[in-house]
Amino acid sequence: MDLNEEKELVRQAQKAPDAFAKLYDQYYPKIFGYVLRRTANLEAAQDITSETFLKALRKLWQFHWRNISFSPWLYKIATNEVNQYFRKAEYKKSVSLEELQEQGFELISPRDPESELIEAQEKLKQHQDFLEIQGKIARLPAKYQEVIALRFFEKKQINEIAEILGKKEGTIKSLLHRAVEKLRETD
Amino acid sequence: MKHEDFIDRLEHLKTPEIELRGHKQALKMALLNSGHFKERTIMNWAKVLAPITAALLLIAVVGVFVNNPRLLPLGGNQISRFASYEELQNFIKKNAQYTGSHWTWREDFSSVGGKGVFLAPATNGYSPTNIQVAGVDEADIVKTDGEYIYLVSGNKTIIVKAYPPEQAQVLSKIEVAGTVMGIFINGDRLVVFEEETPYYPYYDIWWGSAGETYMPLIVSPKTSIKVYDISDRENPRLQRELSADGQYVSSRMIGDYAYVVINEPVYEQDDELNLPKVYSGGNETEIPATDIYYSDVSDYYYMYTTIMAINTQNDDQEPTYETILLGASSNVYVSLNNIYLTFPVWGTGVGDFDKSSIYRIHIEGDKVEYVASGEVPGMVLNQFSMDEYEGYFRVATTTHGEKPLNNVYVLNMALNITGSLESLAQGETIYSARFMGERCYLVTFRNIDPLFVIDLSNPDAPKVLGELKITGYSSYLHPYDENHIIGIGKEAVAADEGDFAWYQGIKIALFDVSDVNNPVEISKYEIGDRGTDSPVLWDHKAFLFDKERNLLVIPVLEAKINATQYPEGVPSSAYGQPVWQGAYVFDISIDDGLRLRGKITHVENITDPEQGYYYYYSPFAVERSLYIDDVLYTISQAKIKMNNLENLDYINEVKLPVEYGDGSIVTPGIPER
């Protein structure tokens, strides 16, 4: 999808569900993957991904185009949600997500919920190296977690991370340096 | 472990790539069914799901009712009407390839052509909307008649007493259920185009294979045309309401007639195809298959494109319309006498390149008549890539083959090609085009910007007269006079990383083309660093120019790079942070070029970079500007600001109600996050 096509989709998605559906299809895997790699928790990843897209849908009217992809904006919302998840013992769902769930929205597949989730748990367990280091990353302050995950797991460039986090590139570079140092100390 | 080794370990760590398809699907449906879209649902489910038996209850309103298909071999394509509903059904089943959800692609309604070469001069002491063709008005979110400003904010149309500025105030608000797509002002008449998008999930897969599990959505938007009597600006009265199933594509107003183009996807329900419907004064009219034109183009999926004409002054005159079955996606250009619709026909790229189908619909008052179709190689960028002049239709296209190629074609009114100029600027693509009488100006770009001057005086043999190679590109070209053009785009620098260029800040340039063989850039003005943007780059209506008053105004979001962050030098790919948004006001003349007269902003506090990111979404971002007499009006969602046009001294401002995402209305001030 090129930028112009995406721009048009974003504009339409504010009121046309089919356009929103296209954006969703494009970005769901990226956002879910990112959140899962930050939390290493499938249930939390579902909740946070849901919350992210729900917020994106509600705030879409605020998204103004400026020759950048829609993606940093979504990552920013997801990052805020993940940080909130780490700040609180229990991730607090928004009222709207709870409402959605009351209306029958299930976190797990309506088709074959059990097996899919179990299968996913098994797959996740196979990544022992990742889980080990993820556990350490999760204990770092949020500002370090963000940059490490975006840089090394999501393979984002410095300017993209700056875009997502709303910080200057220089700040990102020094944050990254310090984050890696902190992580290395705990290793 | 050393720092570098640790980084290496992180970089090569195998991370989980896990998908929960069930969650993905369930969340998608939940979001699409959430209140966000539901609020807009106006369609009656029973009505939608009922078999389309209404086809039997037809009222023929317009056009010639044709019982037998009539082949009209006018252009490259065969045009005919369907002989029967069954024939339409068979055609769709045979030719449609698309099985997913229906969605439509809205292009800006393109240029209006005709005799007028230059833009409507600003008369009566105020500036009209920046339109492409004189005499053909284009709907916009802001209009003025020299005393009042009419502006659109979400689902509201607001009428503001604007002149004299000292007495400026909001007079009235009109609220509709859907979204306002644009408005026209014609004397004491206000025309509002509204689109509502109801939808429902559709579980029965029609064209999909048996194993598919997704649920395509059928989006059934409805476009309404509401005409208000505003002789009392404080109490607008709804005079008439017309609507049609489908999505608003674009509109124009010529004289008292408003023309609107509406697209509706074709879908099947219980073995029945939907047919387009038009509603007027409580009457519902289904357009019979035998009134629908088609050509033999096979496409992903099909849309009914309906063109409707409405008399904005005479409420008793019934609307007239014509419906054509077309492929996906469209560009629209309108001259004083014709509407041109173009549709891309995708090729495989190997010996079979992309083409564009062109349809000409003749318009004259309430007459709307589909008369010709044709085809040219390549894709049409936007409305400014098209033009009609002295009985010829001209179009600039880009062919995306192994290497992009650019072309200009001249077609007669039967839409047969009479002359062509092909394979310009290999490897580059068209960034902007402007036709001015017997000339065409074309900007192509990859890492530098050639501005081509093309001679179209002989419709059989268009030829390149000259070209100018400069850095950067123009996304919008505007005639200054017969021999000068204003170009607005971005500066660019060649990338070290490869054969392309990094665009930088905004660049405004003035070109002298009096020596057609050797065009020159006589003045330029650059704004900001990479990341700087202006709506003019994609919406010409944000552009204000008046030659007599030496005036040029554009809204700009300015970004700046802090060089101290790059001790080894600022790379060309670096983005700046937003530091300012507002209107740049220039003096423009041939003798003195471009000179900044001043800047006007609506933003009251520019904050740290953290908030700066969100600053892009500010309702205080200036979107349009206009002048009445010697007052410059700049307009954002939050306010209308009035400044002296000569020295930009502050005069007054009117605050507008700003609606936030959660539906709350906030009195303008510092926006809450």
# chains A, B, ... in the order shown; residues from 1 in each chain; ligands from 1
>>> select_by_dssp(residues="region 358-607 of chain B", states="helix (DSSP H, G or I)", output="PyMOL selection string")
chain B and resi 383-385+535-537+540-542+563-565
>>> write_last_selection(atoms="N, CA and C atoms", output="compact mmCIF listing (two decimals), in the first residue's frame")
# COMPACT_ATOMS: atom_id res chain seq x y z
N GLN B 383 -7.29 15.69 -11.26
CA GLN B 383 -8.12 16.50 -12.15
C GLN B 383 -7.29 17.42 -13.04
N PHE B 384 -6.14 17.84 -12.55
CA PHE B 384 -5.32 18.77 -13.33
C PHE B 384 -4.58 18.08 -14.47
N SER B 385 -4.66 16.76 -14.51
CA SER B 385 -4.07 16.02 -15.62
C SER B 385 -5.02 16.00 -16.82
N PRO B 535 -1.39 21.77 2.95
CA PRO B 535 -2.51 21.10 2.28
C PRO B 535 -2.60 21.43 0.80
N VAL B 536 -1.98 22.53 0.37
CA VAL B 536 -2.02 22.89 -1.05
C VAL B 536 -1.42 21.77 -1.91
N LEU B 537 -0.50 21.00 -1.32
CA LEU B 537 0.16 19.95 -2.08
C LEU B 537 -0.82 18.87 -2.52
N HIS B 540 -5.98 21.87 -4.00
CA HIS B 540 -5.79 23.21 -4.57
C HIS B 540 -6.71 24.25 -3.95
N LYS B 541 -7.76 23.82 -3.26
CA LYS B 541 -8.70 24.79 -2.69
C LYS B 541 -8.10 25.51 -1.48
N ALA B 542 -6.99 25.01 -0.97
CA ALA B 542 -6.33 25.67 0.16
C ALA B 542 -5.45 26.83 -0.31
N ALA B 563 20.01 21.38 14.46
CA ALA B 563 21.28 20.89 13.91
C ALA B 563 22.24 20.42 15.00
N THR B 564 22.07 20.93 16.22
CA THR B 564 23.00 20.53 17.28
C THR B 564 22.86 19.05 17.63
N GLN B 565 21.73 18.44 17.20
CA GLN B 565 21.55 17.02 17.44
C GLN B 565 22.36 16.16 16.48
>>> residues_around(residues="region 226-239 of chain B", least_positions_apart="4", cutoff="8 Å", atoms="only C-alpha atoms", output="JSON, numbers by chain")
{"B": [159, 171, 172, 174, 188, 189, 190, 191, 192, 193, 194, 312, 315]}
>>> closest_residue(among="B:Ala461, B:Ile628, B:Leu421, B:Val556", to="chain A", atoms="only C-alpha atoms")
B:Val556
>>> residues_around(residues="Ile31 (chain A)", least_positions_apart="3", cutoff="8 Å", atoms="only C-alpha atoms", output="MDAnalysis selection string")
chainID A and resid 27:28 34:35 49 74:75 78
>>> select_by_dssp(residues="region 270-371 of chain B", states="strand (DSSP E or B)", output="number ranges by chain")
B: 272-273, 277-280, 283-286, 292-295, 303-311, 320-326, 331-334, 338-345, 355-364, 367-371
>>> residues_around(residues="Leu57 (chain A)", least_positions_apart="5", cutoff="9 Å", atoms="only C-alpha atoms", output="list in words")
Ala13, Gln14, Phe20 and Thr52 of chain A; Leu31 and His36 of chain B
>>> residues_around(residues="region 272-276 of chain B", least_positions_apart="5", cutoff="8 Å", atoms="only C-alpha atoms", output="PDB file with C-alpha atoms, in the first residue's frame")
ATOM      1  CA  PRO B  51     -35.367  -9.348  -2.151  1.00  0.00           C
ATOM      2  CA  ILE B  52     -35.212  -6.509  -4.519  1.00  0.00           C
ATOM      3  CA  ALA B  55     -37.583  -3.276  -9.364  1.00  0.00           C
ATOM      4  CA  GLN B  89     -26.913  -9.994 -13.690  1.00  0.00           C
ATOM      5  CA  ALA B 244     -29.239   8.525  -3.927  1.00  0.00           C
ATOM      6  CA  ASP B 245     -27.714   5.286  -2.719  1.00  0.00           C
ATOM      7  CA  GLY B 246     -23.970   5.438  -2.976  1.00  0.00           C
ATOM      8  CA  GLU B 264     -22.466   2.653  -5.534  1.00  0.00           C
ATOM      9  CA  VAL B 266     -22.913  -3.604  -7.195  1.00  0.00           C
ATOM     10  CA  TYR B 267     -23.606  -6.497  -4.865  1.00  0.00           C
ATOM     11  CA  GLU B 286     -35.115   2.537  -8.681  1.00  0.00           C
ATOM     12  CA  ILE B 287     -33.147   2.946 -11.859  1.00  0.00           C
ATOM     13  CA  PRO B 288     -34.028  -0.034 -14.060  1.00  0.00           C
ATOM     14  CA  ALA B 289     -31.297  -2.172 -15.572  1.00  0.00           C
ATOM     15  CA  TYR B 304     -23.007   2.157 -10.534  1.00  0.00           C
TER      16      TYR B 304
END
>>> closest_residue(among="B:Lys28, B:Pro459, B:Ile324, B:Ile185", to="Leu23 (chain A)", atoms="only C-alpha atoms")
B:Lys28
>>> closest_residue(among="B:Met379, B:Val176, B:Ile522, B:Ile361", to="Phe343 (chain B)", atoms="only C-alpha atoms")
B:Met379
>>> residues_around(residues="Arg38 (chain A)", least_positions_apart="4", cutoff="12 Å", atoms="only C-alpha atoms", output="MDAnalysis selection string")
(chainID A and resid 31:34 42 44:45 48:49 78:83 85:86 130:131 133:140 142 144:150 152:154) or (chainID B and resid 15:16)
>>> write_last_selection(atoms="C-alpha atoms", output="mmCIF file, in the first residue's frame")
data_model
loop_
_atom_site.group_PDB
_atom_site.id
_atom_site.type_symbol
_atom_site.label_atom_id
_atom_site.label_comp_id
_atom_site.auth_asym_id
_atom_site.auth_seq_id
_atom_site.Cartn_x
_atom_site.Cartn_y
_atom_site.Cartn_z
ATOM 1 C CA ILE A 31 0.555 -4.248 16.364
ATOM 2 C CA PHE A 32 -0.367 -7.604 17.875
ATOM 3 C CA GLY A 33 3.170 -8.862 17.262
ATOM 4 C CA TYR A 34 4.679 -5.754 18.846
ATOM 5 C CA LEU A 42 -1.110 -13.671 25.022
ATOM 6 C CA ALA A 44 -2.623 -9.132 27.723
ATOM 7 C CA ALA A 45 -1.602 -8.833 24.086
ATOM 8 C CA ILE A 48 -3.962 -4.236 24.573
ATOM 9 C CA THR A 49 -4.300 -4.781 20.834
ATOM 10 C CA ALA A 78 0.030 0.744 21.440
ATOM 11 C CA THR A 79 3.167 1.896 23.293
ATOM 12 C CA ASN A 80 1.126 4.044 25.646
ATOM 13 C CA GLU A 81 -1.165 1.116 26.355
ATOM 14 C CA VAL A 82 1.730 -1.260 27.014
ATOM 15 C CA ASN A 83 3.337 1.252 29.372
ATOM 16 C CA TYR A 85 -0.076 -2.233 31.447
ATOM 17 C CA PHE A 86 3.346 -2.307 33.067
ATOM 18 C CA PHE A 130 13.577 -14.461 23.893
ATOM 19 C CA LEU A 131 11.465 -15.042 26.992
ATOM 20 C CA ILE A 133 15.700 -11.578 27.905
ATOM 21 C CA GLN A 134 12.155 -10.245 27.643
ATOM 22 C CA GLY A 135 11.739 -10.921 31.354
ATOM 23 C CA LYS A 136 14.730 -8.698 32.035
ATOM 24 C CA ILE A 137 13.616 -5.981 29.647
ATOM 25 C CA ALA A 138 10.215 -5.902 31.322
ATOM 26 C CA ARG A 139 11.869 -4.890 34.579
ATOM 27 C CA LEU A 140 13.533 -1.844 33.055
ATOM 28 C CA ALA A 142 9.307 2.019 30.329
ATOM 29 C CA TYR A 144 14.158 1.846 27.988
ATOM 30 C CA GLN A 145 11.720 -0.945 27.193
ATOM 31 C CA GLU A 146 10.188 1.059 24.380
ATOM 32 C CA VAL A 147 13.367 1.815 22.526
ATOM 33 C CA ILE A 148 14.812 -1.688 22.868
ATOM 34 C CA ALA A 149 11.641 -3.381 21.651
ATOM 35 C CA LEU A 150 11.151 -0.989 18.747
ATOM 36 C CA PHE A 152 15.665 -4.772 18.071
ATOM 37 C CA PHE A 153 12.368 -6.641 17.936
ATOM 38 C CA GLU A 154 10.357 -4.462 15.566
ATOM 39 C CA THR B 15 11.442 -13.424 18.415
ATOM 40 C CA PRO B 16 7.975 -14.978 18.417
#
>>> closest_residue(among="B:Tyr85, B:Phe511, B:Tyr575, B:Tyr340", to="chain A", atoms="only C-alpha atoms")
B:Tyr575
